Amino acid sequence: MAIICIDPGHGGRDPGTVSGSTYEKEIALNISYFANLFLRRAGHSIVMTRKEDIFVKLSSRVRIAEYKKSDFFISIHCNAHEKKVYNGMEIHVRSFPTMGDLSLAHYMNKSMTIFFPDHRQRGIKKSNFHVLRENKRPSVLVETEFLSNKEGRKFLIKVQNQQRLGKCIADGAMRYIRHMAE
């Protein structure tokens, strides 16, 4: 069984995107708890970079994954853009991705497509996010939907959708684990 580091984005004094009374840090934590639950039920060990609304430095998030000897790393976020019409889900990998990054991103993207066929799938993007760039293990950053978009926000604030997103992320992780075992 795998050791998986789940990183609920933002937290504490860093709210992430704020749309009305909706905070990215809260939604990311809820989705992460659901992903944690589904992965633990499947027998995997989960390391969470935060379990409550606290601020954790980006470097500490990477160190937690390293210290706990995680097999791979999943950071969970809600997207935002100044243009409120932007919508959809996307997966980020480091600017110079490893084969492990690309494989994990592929399976995560596949699960997003299966679980949410009615949402725009924006694909896999190369990014220079600290938690990806500084990680020594396969790593992805999942943007679950645009909190800045009215329909995206309505989708994200529903607990049943947060649960579905957690299950989707867990499914992508388990597809990757099965692939690595082949």
# chains A, B, ... in the order shown; residues from 1 in each chain; ligands from 1
$ closest_atom_pairs --of "segment 30-74 of chain A" --to "segment 121-139 of chain A" --cutoff "12 Å" --atoms "only C-alpha atoms" --output "tab-separated table"
residue	atom	partner	partner_atom	distance
A:Thr49	CA	A:Val131	CA	11.2
A:Val56	CA	A:Val131	CA	11.7
A:Lys57	CA	A:Val131	CA	9.9
A:Leu58	CA	A:Val131	CA	6.2
A:Ser59	CA	A:Val131	CA	7.3
A:Ser60	CA	A:Val131	CA	9.3
A:Arg61	CA	A:Val131	CA	7.0
A:Val62	CA	A:Asn135	CA	5.9
A:Arg63	CA	A:Asn135	CA	8.5
A:Ile64	CA	A:Asn135	CA	10.4
A:Ala65	CA	A:Asn135	CA	8.1
A:Glu66	CA	A:Lys136	CA	7.7
A:Tyr67	CA	A:Lys136	CA	11.4
A:Lys68	CA	A:Arg137	CA	11.8
A:Lys69	CA	A:Arg137	CA	9.2
A:Ser70	CA	A:Arg137	CA	7.6
A:Asp71	CA	A:Arg137	CA	6.4
A:Phe72	CA	A:Pro138	CA	4.9
A:Phe73	CA	A:Ser139	CA	4.6
A:Ile74	CA	A:Ser139	CA	5.9
$ write_last_selection --atoms "N, CA and C atoms" --output "PDB file, in the first residue's frame"
ATOM      1  N   THR A  49      -0.877  17.642   5.146  1.00  0.00           N
ATOM      2  CA  THR A  49       0.000  18.766   5.508  1.00  0.00           C
ATOM      3  C   THR A  49      -0.672  19.699   6.510  1.00  0.00           C
ATOM      4  N   VAL A  56       0.456  26.856   6.964  1.00  0.00           N
ATOM      5  CA  VAL A  56       1.634  25.993   6.840  1.00  0.00           C
ATOM      6  C   VAL A  56       2.456  26.544   5.677  1.00  0.00           C
ATOM      7  N   LYS A  57       3.726  26.878   5.941  1.00  0.00           N
ATOM      8  CA  LYS A  57       4.592  27.408   4.887  1.00  0.00           C
ATOM      9  C   LYS A  57       4.730  26.391   3.758  1.00  0.00           C
ATOM     10  N   LEU A  58       4.917  26.893   2.548  1.00  0.00           N
ATOM     11  CA  LEU A  58       5.068  26.006   1.393  1.00  0.00           C
ATOM     12  C   LEU A  58       6.254  25.066   1.569  1.00  0.00           C
ATOM     13  N   SER A  59       7.358  25.580   2.088  1.00  0.00           N
ATOM     14  CA  SER A  59       8.533  24.729   2.300  1.00  0.00           C
ATOM     15  C   SER A  59       8.238  23.633   3.326  1.00  0.00           C
ATOM     16  N   SER A  60       7.416  23.937   4.307  1.00  0.00           N
ATOM     17  CA  SER A  60       7.054  22.938   5.320  1.00  0.00           C
ATOM     18  C   SER A  60       6.176  21.840   4.719  1.00  0.00           C
ATOM     19  N   ARG A  61       5.322  22.197   3.781  1.00  0.00           N
ATOM     20  CA  ARG A  61       4.471  21.202   3.122  1.00  0.00           C
ATOM     21  C   ARG A  61       5.331  20.168   2.409  1.00  0.00           C
ATOM     22  N   VAL A  62       6.356  20.652   1.725  1.00  0.00           N
ATOM     23  CA  VAL A  62       7.271  19.749   1.019  1.00  0.00           C
ATOM     24  C   VAL A  62       8.061  18.913   2.025  1.00  0.00           C
ATOM     25  N   ARG A  63       8.525  19.534   3.112  1.00  0.00           N
ATOM     26  CA  ARG A  63       9.291  18.800   4.134  1.00  0.00           C
ATOM     27  C   ARG A  63       8.452  17.724   4.807  1.00  0.00           C
ATOM     28  N   ILE A  64       7.171  18.001   5.032  1.00  0.00           N
ATOM     29  CA  ILE A  64       6.275  16.995   5.627  1.00  0.00           C
ATOM     30  C   ILE A  64       6.223  15.758   4.733  1.00  0.00           C
ATOM     31  N   ALA A  65       6.049  15.963   3.439  1.00  0.00           N
ATOM     32  CA  ALA A  65       6.002  14.840   2.492  1.00  0.00           C
ATOM     33  C   ALA A  65       7.316  14.063   2.521  1.00  0.00           C
ATOM     34  N   GLU A  66       8.429  14.774   2.603  1.00  0.00           N
ATOM     35  CA  GLU A  66       9.754  14.150   2.635  1.00  0.00           C
ATOM     36  C   GLU A  66       9.944  13.361   3.936  1.00  0.00           C
ATOM     37  N   TYR A  67       9.656  14.011   5.064  1.00  0.00           N
ATOM     38  CA  TYR A  67       9.847  13.406   6.381  1.00  0.00           C
ATOM     39  C   TYR A  67       9.026  12.125   6.544  1.00  0.00           C
ATOM     40  N   LYS A  68       7.803  12.139   6.040  1.00  0.00           N
ATOM     41  CA  LYS A  68       6.916  10.986   6.169  1.00  0.00           C
ATOM     42  C   LYS A  68       7.143   9.945   5.073  1.00  0.00           C
ATOM     43  N   LYS A  69       8.139  10.204   4.203  1.00  0.00           N
ATOM     44  CA  LYS A  69       8.507   9.276   3.130  1.00  0.00           C
ATOM     45  C   LYS A  69       7.317   8.932   2.222  1.00  0.00           C
ATOM     46  N   SER A  70       6.578   9.975   1.859  1.00  0.00           N
ATOM     47  CA  SER A  70       5.412   9.799   0.988  1.00  0.00           C
ATOM     48  C   SER A  70       5.843   9.297  -0.380  1.00  0.00           C
ATOM     49  N   ASP A  71       5.011   8.453  -0.961  1.00  0.00           N
ATOM     50  CA  ASP A  71       5.277   7.950  -2.309  1.00  0.00           C
ATOM     51  C   ASP A  71       4.937   8.994  -3.363  1.00  0.00           C
ATOM     52  N   PHE A  72       3.904   9.789  -3.111  1.00  0.00           N
ATOM     53  CA  PHE A  72       3.560  10.888  -4.008  1.00  0.00           C
ATOM     54  C   PHE A  72       2.758  11.941  -3.265  1.00  0.00           C
ATOM     55  N   PHE A  73       2.546  13.073  -3.932  1.00  0.00           N
ATOM     56  CA  PHE A  73       2.033  14.286  -3.301  1.00  0.00           C
ATOM     57  C   PHE A  73       0.900  14.859  -4.155  1.00  0.00           C
ATOM     58  N   ILE A  74      -0.240  15.181  -3.503  1.00  0.00           N
ATOM     59  CA  ILE A  74      -1.386  15.781  -4.192  1.00  0.00           C
ATOM     60  C   ILE A  74      -1.785  17.051  -3.432  1.00  0.00           C
TER      61      ILE A  74
END
$ closest_residue --among "A:Met89, A:Met108, A:Thr17, A:Ile27" --to "Ile169 of chain A" --atoms "only C-alpha atoms"
A:Met108
$ closest_residue --among "A:Ile31, A:Ala170, A:Leu156, A:Leu104" --to "Pro8 of chain A" --atoms "only C-alpha atoms"
A:Ile31
$ closest_residue --among "A:Cys168, A:Ile157, A:Ala181, A:Leu141" --to "Leu39 of chain A" --atoms "only C-alpha atoms"
A:Cys168
$ residues_around --residues "segment 75-84 of chain A" --least-positions-apart "4" --cutoff "7 Å" --atoms "only C-alpha atoms" --output "PyMOL selection string"
chain A and resi 6-9+17+24+28+32+140-149
$ closest_residue --among "A:Glu151, A:Val93, A:Gly172, A:Asp101" --to "Phe115 of chain A" --atoms "only C-alpha atoms"
A:Gly172
$ closest_residue --among "A:Phe55, A:Ser19, A:Cys5, A:Glu26" --to "Arg40 of chain A" --atoms "only C-alpha atoms"
A:Cys5
$ select_by_dssp --residues "segment 48-95 of chain A" --states "strand (DSSP E or B)" --output "list of chain:residue names"
A:Met48, A:Phe72, A:Phe73, A:Ile74, A:Ser75, A:Ile76, A:His77, A:Cys78, A:Asn79, A:Met89, A:Glu90, A:Ile91, A:His92, A:Val93, A:Arg94
$ atom_distance --atom1 "atom CA of His44 of chain A" --atom2 "atom CA of Met174 of chain A"
9.3 Å
$ select_by_dssp --residues "chain A" --states "alpha helix (DSSP H)" --output "ChimeraX atom specification"
/A:24-41,58-67,99-115,130-133,150-157,159-181
$ atom_distance --atom1 "atom CA of Lys154 of chain A" --atom2 "atom CA of Asp53 of chain A"
21.9 Å
$ atom_distance --atom1 "atom CA of Gly166 of chain A" --atom2 "atom CA of Phe38 of chain A"
7.5 Å
$ closest_residue --among "A:Ala173, A:Ile54, A:Val85, A:Leu29" --to "Met112 of chain A" --atoms "only C-alpha atoms"
A:Ala173
